[in-house]
>>> print(open('protein-v8.txt').read())   # compact mmCIF, C-alpha atoms and all ligand atoms
# COMPACT_ATOMS: atom_id res chain seq x y z
CA MET A 275 -6.34 -4.93 -14.22
CA GLU A 276 -3.91 -6.97 -16.31
CA LEU A 277 -5.46 -10.41 -16.17
CA ASN A 278 -2.98 -12.90 -17.46
CA GLY A 279 0.62 -13.86 -17.03
CA HIS A 280 3.03 -13.69 -14.15
CA ARG A 281 1.98 -11.53 -11.19
CA ARG A 282 4.25 -9.58 -8.87
CA LEU A 283 2.86 -9.10 -5.38
CA VAL A 284 3.48 -6.83 -2.42
CA LEU A 285 2.35 -8.17 0.96
CA LEU A 286 1.44 -5.54 3.56
CA GLY A 287 1.06 -7.44 6.83
CA ALA A 288 3.17 -10.34 5.55
CA THR A 289 3.81 -11.88 8.97
CA GLY A 290 0.16 -12.08 9.99
CA SER A 291 -2.49 -14.72 9.54
CA ILE A 292 -3.64 -13.47 6.11
CA GLY A 293 -0.07 -12.70 5.02
CA ARG A 294 1.07 -16.23 5.79
CA SER A 295 -1.95 -17.78 4.05
CA ALA A 296 -1.20 -15.66 0.97
CA ILE A 297 2.39 -16.92 1.01
CA ASP A 298 1.08 -20.48 1.18
CA ILE A 299 -1.07 -19.91 -1.93
CA VAL A 300 1.85 -18.33 -3.79
CA ALA A 301 4.06 -21.29 -2.88
CA GLN A 302 1.55 -23.59 -4.59
CA ALA A 303 1.79 -21.67 -7.88
CA PRO A 304 5.43 -20.54 -8.01
CA ASP A 305 5.38 -20.08 -11.78
CA ARG A 306 2.47 -17.61 -11.55
CA PHE A 307 3.63 -15.33 -8.73
CA SER A 308 6.64 -13.61 -7.28
CA ILE A 309 6.77 -11.43 -4.17
CA GLU A 310 8.47 -8.10 -4.65
CA ALA A 311 8.17 -6.68 -1.13
CA VAL A 312 6.93 -7.58 2.34
CA ALA A 313 6.00 -5.31 5.23
CA GLY A 314 5.14 -5.89 8.87
CA GLY A 315 4.61 -4.11 12.17
CA SER A 316 7.20 -5.13 14.77
CA ASP A 317 7.95 -8.85 14.37
CA VAL A 318 11.46 -8.52 12.93
CA GLU A 319 12.37 -12.21 13.08
CA GLY A 320 9.11 -13.19 11.41
CA LEU A 321 9.51 -10.58 8.69
CA ALA A 322 13.11 -11.55 7.95
CA ARG A 323 12.13 -15.23 7.78
CA VAL A 324 9.27 -14.50 5.39
CA ALA A 325 11.37 -12.16 3.22
CA ARG A 326 14.06 -14.84 2.80
CA GLU A 327 11.52 -17.60 2.23
CA VAL A 328 9.72 -15.79 -0.60
CA GLY A 329 12.81 -14.15 -2.09
CA ALA A 330 11.48 -10.60 -1.67
CA LYS A 331 13.64 -7.71 -2.84
CA PHE A 332 12.49 -5.31 -0.13
CA ALA A 333 11.36 -5.73 3.48
CA ALA A 334 9.95 -2.93 5.63
CA ILE A 335 9.24 -2.99 9.34
CA ARG A 336 6.91 -0.30 10.76
CA ASP A 337 8.78 -0.05 14.08
CA GLU A 338 11.56 2.42 13.30
CA SER A 339 13.68 1.34 16.28
CA ARG A 340 14.09 -2.17 14.81
CA TYR A 341 16.03 -1.14 11.69
CA ALA A 342 19.40 -2.46 12.87
CA ASP A 343 17.81 -5.77 13.95
CA LEU A 344 16.10 -6.22 10.59
CA LYS A 345 19.28 -5.36 8.68
CA GLN A 346 21.18 -7.86 10.79
CA ALA A 347 18.51 -10.55 10.34
CA LEU A 348 18.61 -10.05 6.55
CA SER A 349 22.39 -9.84 6.15
CA GLY A 350 23.66 -11.90 3.24
CA SER A 351 20.13 -12.45 1.88
CA GLY A 352 20.17 -9.71 -0.75
CA VAL A 353 16.89 -8.32 0.65
CA THR A 354 16.95 -4.55 1.23
CA ALA A 355 15.89 -3.70 4.79
CA ALA A 356 13.99 -0.54 5.70
CA ALA A 357 12.11 0.70 8.76
CA GLY A 358 9.50 3.26 9.77
CA PRO A 359 6.10 4.28 8.40
CA ASP A 360 7.62 5.76 5.22
CA ALA A 361 9.39 2.47 4.56
CA VAL A 362 6.04 0.62 4.75
CA VAL A 363 4.66 3.10 2.20
CA GLU A 364 7.76 2.52 0.06
CA ALA A 365 7.03 -1.22 0.15
CA ALA A 366 3.44 -0.49 -0.94
CA LEU A 367 4.75 1.48 -3.92
CA ARG A 368 7.23 -1.12 -5.21
CA PRO A 369 6.35 -2.31 -8.72
CA ALA A 370 3.54 -4.85 -8.40
CA ASP A 371 0.41 -6.19 -10.09
CA ILE A 372 -1.43 -6.81 -6.81
CA VAL A 373 -0.88 -5.33 -3.37
CA VAL A 374 -2.30 -7.52 -0.62
CA GLY A 375 -3.62 -5.21 2.12
CA ALA A 376 -3.43 -7.37 5.24
CA VAL A 377 -2.26 -4.99 7.97
CA SER A 378 -4.46 -5.19 11.05
CA GLY A 379 -6.36 -2.02 12.02
CA ALA A 380 -6.40 1.57 10.79
CA ALA A 381 -2.58 1.35 10.68
CA GLY A 382 -3.21 -0.08 7.20
CA VAL A 383 -4.88 3.05 5.83
CA ALA A 384 -1.78 5.05 4.87
CA PRO A 385 0.22 2.35 3.02
CA THR A 386 -2.85 0.81 1.35
CA TYR A 387 -4.06 4.23 0.22
CA ALA A 388 -0.58 4.99 -1.17
CA ALA A 389 -0.81 1.87 -3.34
CA LEU A 390 -4.29 2.89 -4.49
CA GLN A 391 -3.06 6.37 -5.36
CA ALA A 392 -0.46 4.73 -7.58
CA GLY A 393 -3.30 2.87 -9.34
CA ARG A 394 -2.39 -0.57 -8.03
CA THR A 395 -4.87 -3.43 -7.83
CA ILE A 396 -5.50 -4.10 -4.14
CA ALA A 397 -6.58 -7.44 -2.67
CA LEU A 398 -8.13 -5.99 0.47
CA ALA A 399 -8.33 -7.94 3.72
CA ASN A 400 -7.82 -4.87 5.92
CA LYS A 401 -11.49 -3.96 6.47
CA GLU A 402 -10.59 -1.17 8.92
CA CYS A 403 -9.29 0.80 5.87
CA LEU A 404 -12.83 1.10 4.54
CA VAL A 405 -14.46 1.61 7.94
CA CYS A 406 -12.03 4.42 8.78
CA ALA A 407 -11.85 6.06 5.36
CA GLY A 408 -14.34 4.36 3.03
CA THR A 409 -15.49 7.38 1.06
CA PRO A 410 -12.07 8.88 0.19
CA PHE A 411 -10.72 5.36 -0.38
CA MET A 412 -13.40 4.37 -2.88
CA ARG A 413 -13.31 7.79 -4.55
CA LYS A 414 -9.58 7.40 -5.16
CA ALA A 415 -10.10 3.91 -6.56
CA THR A 416 -12.59 5.30 -9.09
CA GLU A 417 -10.34 8.22 -9.97
CA MET A 418 -7.32 5.96 -10.53
CA LYS A 419 -9.42 3.20 -12.17
CA ALA A 420 -7.81 0.93 -9.57
CA THR A 421 -9.43 -2.42 -8.84
CA ILE A 422 -10.20 -3.47 -5.27
CA LEU A 423 -10.56 -7.24 -4.94
CA PRO A 424 -12.59 -8.09 -1.82
CA LEU A 425 -10.51 -10.63 0.10
CA ASP A 426 -12.58 -10.80 3.30
CA SER A 427 -14.48 -14.10 2.96
CA GLU A 428 -18.02 -12.67 3.18
CA HIS A 429 -17.22 -10.01 0.59
CA ASP A 430 -15.45 -12.45 -1.66
CA ALA A 431 -18.55 -14.65 -1.37
CA ILE A 432 -20.89 -11.79 -2.35
CA TRP A 433 -18.62 -10.87 -5.24
CA GLN A 434 -18.76 -14.50 -6.46
CA ALA A 435 -22.56 -14.70 -5.95
CA LEU A 436 -23.18 -11.41 -7.76
CA GLY A 437 -21.75 -12.76 -10.97
CA GLY A 438 -21.75 -9.33 -12.61
CA ALA A 439 -25.45 -8.54 -11.92
CA ALA A 440 -26.61 -4.94 -12.35
CA PRO A 441 -27.17 -3.02 -9.07
CA GLY A 442 -30.94 -2.72 -9.77
CA GLU A 443 -31.26 -6.52 -9.87
CA VAL A 444 -30.05 -6.93 -6.29
CA GLU A 445 -32.68 -6.84 -3.55
CA LYS A 446 -30.51 -7.72 -0.58
CA MET A 447 -26.99 -8.78 0.33
CA VAL A 448 -26.49 -11.06 3.32
CA ILE A 449 -23.26 -11.73 5.16
CA THR A 450 -23.01 -14.58 7.60
CA ALA A 451 -21.39 -14.67 11.05
CA SER A 452 -20.27 -17.71 13.00
CA GLY A 453 -21.55 -16.06 16.19
CA GLY A 454 -18.11 -16.56 17.76
CA PRO A 455 -17.26 -18.35 21.02
CA PHE A 456 -20.08 -16.63 22.99
CA ARG A 457 -22.95 -17.35 20.59
CA THR A 458 -24.91 -19.29 23.22
CA TRP A 459 -23.70 -17.42 26.33
CA SER A 460 -25.88 -15.17 28.50
CA ALA A 461 -25.32 -11.40 28.41
CA GLU A 462 -23.87 -11.54 31.97
CA ALA A 463 -21.40 -14.28 31.09
CA ILE A 464 -20.33 -12.45 27.90
CA ALA A 465 -19.74 -9.20 29.81
CA ALA A 466 -17.37 -11.02 32.18
CA ALA A 467 -15.53 -13.09 29.53
CA ARG A 468 -11.73 -13.33 29.85
CA PRO A 469 -9.25 -12.75 26.99
CA ASP A 470 -8.32 -16.45 26.80
CA GLN A 471 -12.03 -17.29 26.30
CA ALA A 472 -12.56 -14.55 23.70
CA LEU A 473 -9.43 -15.61 21.80
CA LYS A 474 -10.83 -19.14 21.24
CA HIS A 475 -12.69 -18.84 17.94
CA PRO A 476 -14.70 -21.97 17.06
CA ASN A 477 -14.01 -22.00 13.27
CA TRP A 478 -11.22 -19.62 12.25
CA SER A 479 -7.60 -19.10 13.27
CA MET A 480 -6.89 -15.35 12.87
CA GLY A 481 -4.96 -12.42 14.34
CA ARG A 482 -5.83 -11.32 17.89
CA LYS A 483 -7.70 -8.12 17.05
CA ILE A 484 -10.13 -9.68 14.56
CA THR A 485 -10.62 -12.66 16.90
CA ILE A 486 -11.82 -10.34 19.68
CA ASP A 487 -13.99 -8.48 17.14
CA SER A 488 -15.54 -11.82 16.16
CA ALA A 489 -16.33 -12.61 19.80
CA SER A 490 -18.08 -9.22 20.29
CA MET A 491 -19.58 -9.42 16.75
CA MET A 492 -18.09 -5.97 16.06
CA ASN A 493 -16.34 -7.78 13.21
CA LYS A 494 -19.70 -8.31 11.48
CA GLY A 495 -20.56 -4.65 11.96
CA LEU A 496 -17.22 -3.58 10.45
CA GLU A 497 -17.93 -5.95 7.57
CA LEU A 498 -21.34 -4.39 6.90
CA ILE A 499 -19.64 -0.99 6.59
CA GLU A 500 -16.93 -2.56 4.41
CA ALA A 501 -19.60 -4.15 2.16
CA HIS A 502 -21.51 -0.87 1.86
CA HIS A 503 -18.39 0.80 0.43
CA LEU A 504 -17.21 -2.12 -1.71
CA PHE A 505 -20.55 -2.77 -3.39
CA GLY A 506 -22.10 0.73 -3.22
CA VAL A 507 -25.31 -0.64 -1.73
CA PRO A 508 -27.28 1.37 0.89
CA ALA A 509 -27.33 0.29 4.55
CA ASP A 510 -30.96 -0.91 4.50
CA ARG A 511 -30.24 -3.58 1.88
CA PHE A 512 -27.86 -5.60 4.08
CA ASP A 513 -28.63 -8.37 6.53
CA VAL A 514 -26.54 -10.43 8.93
CA LEU A 515 -27.32 -14.10 9.40
CA VAL A 516 -25.71 -16.16 12.16
CA HIS A 517 -24.48 -19.45 10.72
CA PRO A 518 -22.36 -21.38 13.24
CA GLN A 519 -20.76 -23.76 10.70
CA SER A 520 -19.13 -20.93 8.63
CA ILE A 521 -19.75 -22.73 5.32
CA VAL A 522 -22.09 -20.27 3.60
CA HIS A 523 -20.20 -16.97 3.63
CA GLY A 524 -22.44 -14.61 1.71
CA LEU A 525 -25.75 -14.57 -0.20
CA VAL A 526 -27.32 -12.28 -2.77
CA HIS A 527 -31.11 -12.05 -3.08
CA PHE A 528 -32.13 -10.99 -6.60
CA SER A 529 -35.22 -9.16 -7.84
CA ASP A 530 -36.74 -12.34 -9.34
CA GLY A 531 -36.69 -14.17 -5.99
CA SER A 532 -33.51 -16.13 -6.75
CA VAL A 533 -30.90 -16.37 -4.02
CA VAL A 534 -27.28 -17.20 -4.85
CA ALA A 535 -24.96 -18.21 -2.04
CA SER A 536 -21.22 -18.90 -1.96
CA LEU A 537 -20.01 -21.85 0.07
CA TYR A 538 -16.57 -23.06 1.05
CA ALA A 539 -14.80 -24.62 3.98
CA PRO A 540 -13.67 -22.02 6.54
CA ASP A 541 -10.19 -21.58 5.12
CA MET A 542 -9.05 -18.07 4.13
CA ARG A 543 -6.82 -19.58 1.47
CA VAL A 544 -9.98 -20.03 -0.65
CA PRO A 545 -10.85 -16.31 -1.00
CA ILE A 546 -7.13 -15.44 -1.16
CA ALA A 547 -6.66 -17.83 -4.09
CA HIS A 548 -9.79 -16.45 -5.76
CA CYS A 549 -8.44 -12.87 -5.53
CA LEU A 550 -4.87 -13.65 -6.53
CA GLY A 551 -5.83 -15.87 -9.48
CA TYR A 552 -8.85 -13.89 -10.70
CA PRO A 553 -10.30 -14.43 -13.26
CA ASP A 554 -8.57 -17.81 -13.37
CA ARG A 555 -9.14 -20.48 -10.73
CA LEU A 556 -5.87 -21.58 -9.16
CA ARG A 557 -5.29 -25.19 -8.19
CA THR A 558 -4.67 -25.24 -4.43
CA ASN A 559 -4.80 -27.62 -1.50
CA ALA A 560 -7.17 -25.36 0.48
CA ARG A 561 -9.67 -27.30 2.58
CA ARG A 562 -12.42 -29.01 0.57
CA LEU A 563 -16.08 -28.91 1.44
CA ASP A 564 -17.87 -32.17 2.29
CA LEU A 565 -21.55 -31.35 2.80
CA ALA A 566 -22.59 -34.97 3.36
CA ALA A 567 -20.12 -35.24 6.23
CA LEU A 568 -21.46 -31.99 7.70
CA GLY A 569 -25.08 -33.18 7.38
CA SER A 570 -26.77 -29.88 8.14
CA LEU A 571 -26.28 -26.14 7.99
CA THR A 572 -28.15 -23.95 10.47
CA PHE A 573 -29.06 -20.28 10.53
CA GLU A 574 -30.39 -17.88 13.15
CA ALA A 575 -30.98 -14.14 13.52
CA PRO A 576 -28.28 -12.13 15.34
CA ASP A 577 -29.11 -11.06 18.91
CA ILE A 578 -28.17 -7.42 19.24
CA ALA A 579 -29.19 -7.32 22.91
CA ARG A 580 -26.39 -9.77 23.76
CA PHE A 581 -24.00 -8.38 21.12
CA PRO A 582 -24.45 -4.59 21.38
CA ALA A 583 -21.25 -3.92 19.37
CA LEU A 584 -23.06 -5.13 16.25
CA GLY A 585 -25.92 -2.72 16.95
CA LEU A 586 -23.49 0.19 17.40
CA ALA A 587 -21.84 -0.58 14.06
CA MET A 588 -25.24 -0.81 12.33
CA ASP A 589 -26.15 2.59 13.81
CA ALA A 590 -22.84 4.05 12.59
CA LEU A 591 -23.44 2.62 9.10
CA ARG A 592 -26.93 4.18 8.98
CA ALA A 593 -25.71 7.52 10.37
CA GLY A 594 -22.69 7.56 8.02
CA GLY A 595 -20.46 10.63 7.98
CA GLY A 596 -17.57 10.38 10.42
CA LEU A 597 -19.25 7.93 12.79
CA PRO A 598 -17.78 4.75 11.27
CA THR A 599 -14.31 6.34 11.60
CA VAL A 600 -14.96 7.08 15.29
CA LEU A 601 -16.47 3.63 15.88
CA ASN A 602 -13.43 1.92 14.38
CA ALA A 603 -10.88 3.96 16.34
CA ALA A 604 -12.76 3.55 19.63
CA ASN A 605 -13.05 -0.19 19.03
CA GLU A 606 -9.28 -0.50 18.48
CA VAL A 607 -8.66 1.34 21.76
CA ALA A 608 -11.22 -0.84 23.57
CA VAL A 609 -9.90 -4.15 22.19
CA GLU A 610 -6.35 -3.25 23.17
CA ALA A 611 -7.52 -2.30 26.68
CA PHE A 612 -9.40 -5.62 26.99
CA LEU A 613 -6.39 -7.65 25.84
CA GLU A 614 -4.18 -5.77 28.31
CA GLY A 615 -6.59 -6.37 31.19
CA ARG A 616 -7.60 -2.72 31.53
CA ALA A 617 -11.23 -3.25 30.44
CA ALA A 618 -13.81 -5.99 30.85
CA PHE A 619 -15.22 -7.61 27.71
CA GLY A 620 -18.56 -5.95 28.44
CA GLU A 621 -16.86 -2.55 28.41
CA ILE A 622 -15.86 -2.83 24.73
CA PRO A 623 -19.28 -1.66 23.45
CA LYS A 624 -19.51 0.84 26.32
CA ILE A 625 -16.23 2.52 25.29
CA VAL A 626 -17.32 2.54 21.63
CA GLY A 627 -20.77 3.96 22.52
CA PHE A 628 -19.15 6.59 24.77
CA ALA A 629 -16.86 7.76 21.93
CA CYS A 630 -19.64 7.78 19.31
CA GLU A 631 -21.95 9.85 21.53
CA LYS A 632 -19.16 12.30 22.31
CA ALA A 633 -18.29 12.61 18.61
CA VAL A 634 -21.89 13.55 17.77
CA ARG A 635 -21.93 16.12 20.61
CA ASP A 636 -18.55 17.60 19.54
CA GLY A 637 -19.51 17.89 15.86
CA LEU A 638 -17.00 15.26 14.73
CA ALA A 639 -19.62 13.23 12.94
CA ARG A 640 -19.35 14.84 9.51
CA GLU A 641 -17.99 12.91 6.54
CA PRO A 642 -14.18 12.91 6.26
CA ALA A 643 -13.63 14.28 2.74
CA THR A 644 -9.99 13.22 2.43
CA ILE A 645 -7.75 10.53 3.79
CA GLU A 646 -6.05 13.17 5.98
CA ASP A 647 -9.46 14.14 7.44
CA ALA A 648 -10.23 10.51 8.20
CA LEU A 649 -6.88 9.97 9.92
CA ALA A 650 -7.36 13.20 11.92
CA VAL A 651 -10.81 12.02 13.10
CA ASP A 652 -9.28 8.61 13.90
CA HIS A 653 -6.62 10.33 16.03
CA ILE A 654 -9.10 12.51 17.95
CA ALA A 655 -11.47 9.55 18.43
CA ARG A 656 -8.66 7.59 20.11
CA GLN A 657 -8.09 10.47 22.55
CA MET A 658 -11.84 10.75 23.18
CA SER A 659 -12.03 7.03 23.89
CA ALA A 660 -9.24 7.33 26.43
CA ALA A 661 -11.44 9.86 28.30
CA TYR A 662 -13.70 6.89 29.17
CA TRP A 663 -11.27 6.04 31.99
CA ARG A 664 -11.16 9.58 33.40
P1 LIG A 701 -2.58 -10.39 12.21
O1 LIG A 701 -2.55 -9.66 13.50
O2 LIG A 701 -2.34 -11.85 12.19
O3 LIG A 701 -1.52 -9.72 11.21
C1 LIG A 701 -1.41 -8.33 11.06
C2 LIG A 701 -0.21 -7.99 10.20
O4 LIG A 701 -0.09 -6.56 10.12
C3 LIG A 701 1.12 -8.48 10.78
O5 LIG A 701 1.97 -8.83 9.71
C4 LIG A 701 1.68 -7.24 11.48
O6 LIG A 701 3.07 -7.26 11.62
C5 LIG A 701 1.23 -6.18 10.50
N1 LIG A 701 1.17 -4.83 11.04
C6 LIG A 701 0.58 -4.42 12.19
N2 LIG A 701 0.70 -3.08 12.32
C7 LIG A 701 1.37 -2.65 11.22
C8 LIG A 701 1.80 -1.37 10.75
N3 LIG A 701 1.57 -0.26 11.47
N4 LIG A 701 2.44 -1.31 9.56
C9 LIG A 701 2.69 -2.42 8.84
N5 LIG A 701 2.31 -3.66 9.23
C10 LIG A 701 1.66 -3.76 10.40
O7 LIG A 701 -3.99 -10.03 11.54
P2 LIG A 701 -4.79 -10.87 10.45
O8 LIG A 701 -5.71 -11.81 11.13
O9 LIG A 701 -3.87 -11.39 9.39
O10 LIG A 701 -5.72 -9.73 9.84
C11 LIG A 701 -5.22 -8.74 8.96
C12 LIG A 701 -6.39 -7.95 8.37
O11 LIG A 701 -7.19 -8.84 7.59
C13 LIG A 701 -7.32 -7.36 9.43
O12 LIG A 701 -7.82 -6.13 8.99
C14 LIG A 701 -8.45 -8.38 9.51
O13 LIG A 701 -9.66 -7.80 9.91
C15 LIG A 701 -8.52 -8.84 8.07
N6 LIG A 701 -9.08 -10.19 7.90
C16 LIG A 701 -8.46 -11.26 8.49
C17 LIG A 701 -8.98 -12.53 8.36
C18 LIG A 701 -8.30 -13.74 8.97
O14 LIG A 701 -8.79 -14.84 8.80
N7 LIG A 701 -7.20 -13.59 9.68
C19 LIG A 701 -10.15 -12.72 7.62
C20 LIG A 701 -10.75 -11.63 7.00
C21 LIG A 701 -10.19 -10.36 7.16
MG MG A 702 -14.85 -11.84 7.27
>>> encode(input="protein-v8.txt", output="structure tokens")
Amino acid sequence: MELNGHRRLVLLGATGSIGRSAIDIVAQAPDRFSIEAVAGGSDVEGLARVAREVGAKFAAIRDESRYADLKQALSGSGVTAAAGPDAVVEAALRPADIVVGAVSGAAGVAPTYAALQAGRTIALANKECLVCAGTPFMRKATEMKATILPLDSEHDAIWQALGGAAPGEVEKMVITASGGPFRTWSAEAIAAARPDQALKHPNWSMGRKITIDSASMMNKGLELIEAHHLFGVPADRFDVLVHPQSIVHGLVHFSDGSVVASLYAPDMRVPIAHCLGYPDRLRTNARRLDLAALGSLTFEAPDIARFPALGLAMDALRAGGGLPTVLNAANEVAVEAFLEGRAAFGEIPKIVGFACEKAVRDGLAREPATIEDALAVDHIARQMSAAYWR
């Protein structure tokens, strides 16, 4: 990756929580960055506002039916409007030094992979990309000598703690979890939790899907699978530690008994700034850490009996093959059903378990060799998950 000078960015998922935080970082270093293109799902007004604000040349909305609205919203701005899945891919392929992958869900696979295929450096927030299609994704990165910068806070923290150590020097990698809003709740109360309760995260303000995943702790399971692909470390060398203050984000245990941890205030602008500025440190107004004011940091083991989604993801990581792809797709179906009132919170792991068991029975559990394979398994897994209601 070209390390110095002015950087052109593409933001995939520009209207979301990560997208807006990235724009905030860019606005604090206007001489270092420009934004070539922005893409979003269906929020036309939000996308047009962002495109104008950052002076993008190209704006793509995934929802094809919104083309006229986007064109109208951008009239007189000089920003080219485009719509549909191919337009999002076109945005991903605009000339850029870094593509920020911040679409939510497996919807991010196709455009992020397109950028990777073009050899772009990717700052990757969209963990579902690696859970759905980790092997073909990482293989393509190696083939294209493309850099993937881990933007998810735990992965950014491990990257910082690793400090270039050789793989043989690492005994264990640990990612932390806040435990979410239901950390102290009983299994019965968790199973009956309402969307408004699950959407109230104690430490982070994020998009709806990842907020529900944090409440079920599926998010931590997806992150273990993400870490396995990013760092090439086997499943048995990862641990999850519940840490309600969300200050320590990741730790690396080394072969000499040393442990290096990365700490920062729970503000995604910190890992975003680290990725966008790397190897330089940008000067930002991201939240500062005051340990004396905090007084103490606490840690506890995760409770898989109360958070079965984490256990399912750990099983899928150990089993490998196509199971993480199925797990991810089924979880997206289940989270949507929960948010729409069609499933109880306690049914999220049941739907995911149902789909994973069916995938093993139907022989869908083999490793997707290509991105097309992974997307085909994703598609079938969504249909299989829907059979839960029949
Ligand atoms: P969000 O829901 O706030 O934003 C999602 C963005 O993706 C929006 O801009 C939306 O318009 C866009 N989008 C949705 N479907 C699309 C499609 N088919 N094509 C193009 N764009 C589409 O979500 P978020 O919280 O910003 O999270 C984004 C990703 O980053 C997720 O994978 C999440 O797990 C990961 N992540 C988020 C945080 C966080 O603090 N928010 C932290 C770590 C990782
Ligand atoms: Mg994270």
>>> closest_residue(input="protein-v8.txt", among="A:Met588, A:Ala567, A:Met492, A:Leu344", to="ligand MG 702 (chain A)", atoms="only C-alpha atoms and all ligand atoms")
A:Met492
>>> residues_near_point(input="protein-v8.txt", point="(-3.0, -14.7, 17.4)", cutoff="12 Å", atoms="all atoms listed in the file", output="list in words")
Thr289, Gly290, Ser291, Ile292, Ser378, Pro469, Asp470, Ala472, Leu473, Lys474, His475, Trp478, Ser479, Met480, Gly481, Arg482, Lys483, Ile484, Thr485, Ile486 and Leu613 of chain A
>>> residues_around(input="protein-v8.txt", residues="range 641-654 of chain A", least_positions_apart="5", cutoff="12 Å", atoms="all atoms listed in the file", output="PyMOL selection string")
chain A and resi 379-388+390-391+402-414+590-591+593-607+629-630+632-634+636+659-661
>>> write_last_selection(input="protein-v8.txt", atoms="C-alpha atoms", output="PDB file, in the coordinates of the input")
ATOM      1  CA  GLY A 379      -6.360  -2.020  12.020  1.00  0.00           C
ATOM      2  CA  ALA A 380      -6.400   1.570  10.790  1.00  0.00           C
ATOM      3  CA  ALA A 381      -2.580   1.350  10.680  1.00  0.00           C
ATOM      4  CA  GLY A 382      -3.210  -0.080   7.200  1.00  0.00           C
ATOM      5  CA  VAL A 383      -4.880   3.050   5.830  1.00  0.00           C
ATOM      6  CA  ALA A 384      -1.780   5.050   4.870  1.00  0.00           C
ATOM      7  CA  PRO A 385       0.220   2.350   3.020  1.00  0.00           C
ATOM      8  CA  THR A 386      -2.850   0.810   1.350  1.00  0.00           C
ATOM      9  CA  TYR A 387      -4.060   4.230   0.220  1.00  0.00           C
ATOM     10  CA  ALA A 388      -0.580   4.990  -1.170  1.00  0.00           C
ATOM     11  CA  LEU A 390      -4.290   2.890  -4.490  1.00  0.00           C
ATOM     12  CA  GLN A 391      -3.060   6.370  -5.360  1.00  0.00           C
ATOM     13  CA  GLU A 402     -10.590  -1.170   8.920  1.00  0.00           C
ATOM     14  CA  CYS A 403      -9.290   0.800   5.870  1.00  0.00           C
ATOM     15  CA  LEU A 404     -12.830   1.100   4.540  1.00  0.00           C
ATOM     16  CA  VAL A 405     -14.460   1.610   7.940  1.00  0.00           C
ATOM     17  CA  CYS A 406     -12.030   4.420   8.780  1.00  0.00           C
ATOM     18  CA  ALA A 407     -11.850   6.060   5.360  1.00  0.00           C
ATOM     19  CA  GLY A 408     -14.340   4.360   3.030  1.00  0.00           C
ATOM     20  CA  THR A 409     -15.490   7.380   1.060  1.00  0.00           C
ATOM     21  CA  PRO A 410     -12.070   8.880   0.190  1.00  0.00           C
ATOM     22  CA  PHE A 411     -10.720   5.360  -0.380  1.00  0.00           C
ATOM     23  CA  MET A 412     -13.400   4.370  -2.880  1.00  0.00           C
ATOM     24  CA  ARG A 413     -13.310   7.790  -4.550  1.00  0.00           C
ATOM     25  CA  LYS A 414      -9.580   7.400  -5.160  1.00  0.00           C
ATOM     26  CA  ALA A 590     -22.840   4.050  12.590  1.00  0.00           C
ATOM     27  CA  LEU A 591     -23.440   2.620   9.100  1.00  0.00           C
ATOM     28  CA  ALA A 593     -25.710   7.520  10.370  1.00  0.00           C
ATOM     29  CA  GLY A 594     -22.690   7.560   8.020  1.00  0.00           C
ATOM     30  CA  GLY A 595     -20.460  10.630   7.980  1.00  0.00           C
ATOM     31  CA  GLY A 596     -17.570  10.380  10.420  1.00  0.00           C
ATOM     32  CA  LEU A 597     -19.250   7.930  12.790  1.00  0.00           C
ATOM     33  CA  PRO A 598     -17.780   4.750  11.270  1.00  0.00           C
ATOM     34  CA  THR A 599     -14.310   6.340  11.600  1.00  0.00           C
ATOM     35  CA  VAL A 600     -14.960   7.080  15.290  1.00  0.00           C
ATOM     36  CA  LEU A 601     -16.470   3.630  15.880  1.00  0.00           C
ATOM     37  CA  ASN A 602     -13.430   1.920  14.380  1.00  0.00           C
ATOM     38  CA  ALA A 603     -10.880   3.960  16.340  1.00  0.00           C
ATOM     39  CA  ALA A 604     -12.760   3.550  19.630  1.00  0.00           C
ATOM     40  CA  ASN A 605     -13.050  -0.190  19.030  1.00  0.00           C
ATOM     41  CA  GLU A 606      -9.280  -0.500  18.480  1.00  0.00           C
ATOM     42  CA  VAL A 607      -8.660   1.340  21.760  1.00  0.00           C
ATOM     43  CA  ALA A 629     -16.860   7.760  21.930  1.00  0.00           C
ATOM     44  CA  CYS A 630     -19.640   7.780  19.310  1.00  0.00           C
ATOM     45  CA  LYS A 632     -19.160  12.300  22.310  1.00  0.00           C
ATOM     46  CA  ALA A 633     -18.290  12.610  18.610  1.00  0.00           C
ATOM     47  CA  VAL A 634     -21.890  13.550  17.770  1.00  0.00           C
ATOM     48  CA  ASP A 636     -18.550  17.600  19.540  1.00  0.00           C
ATOM     49  CA  SER A 659     -12.030   7.030  23.890  1.00  0.00           C
ATOM     50  CA  ALA A 660      -9.240   7.330  26.430  1.00  0.00           C
ATOM     51  CA  ALA A 661     -11.440   9.860  28.300  1.00  0.00           C
TER      52      ALA A 661
END
>>> atom_distance(input="protein-v8.txt", atom1="CA of Pro424 in chain A", atom2="CA of Asn493 in chain A")
15.5 Å
>>> atom_distance(input="protein-v8.txt", atom1="CA of Val444 in chain A", atom2="CA of Phe528 in chain A")
4.6 Å
>>> residues_around(input="protein-v8.txt", residues="Lys345 in chain A", least_positions_apart="2", cutoff="10 Å", atoms="all atoms listed in the file", output="compact mmCIF listing (two decimals) with C-alpha atoms, in the frame of the given file")
# COMPACT_ATOMS: atom_id res chain seq x y z
CA VAL A 318 11.46 -8.52 12.93
CA ALA A 322 13.11 -11.55 7.95
CA ALA A 333 11.36 -5.73 3.48
CA ARG A 340 14.09 -2.17 14.81
CA TYR A 341 16.03 -1.14 11.69
CA ALA A 342 19.40 -2.46 12.87
CA ASP A 343 17.81 -5.77 13.95
CA ALA A 347 18.51 -10.55 10.34
CA LEU A 348 18.61 -10.05 6.55
CA SER A 349 22.39 -9.84 6.15
CA GLY A 350 23.66 -11.90 3.24
CA SER A 351 20.13 -12.45 1.88
CA VAL A 353 16.89 -8.32 0.65
CA THR A 354 16.95 -4.55 1.23
CA ALA A 355 15.89 -3.70 4.79
CA ALA A 356 13.99 -0.54 5.70
CA ALA A 357 12.11 0.70 8.76
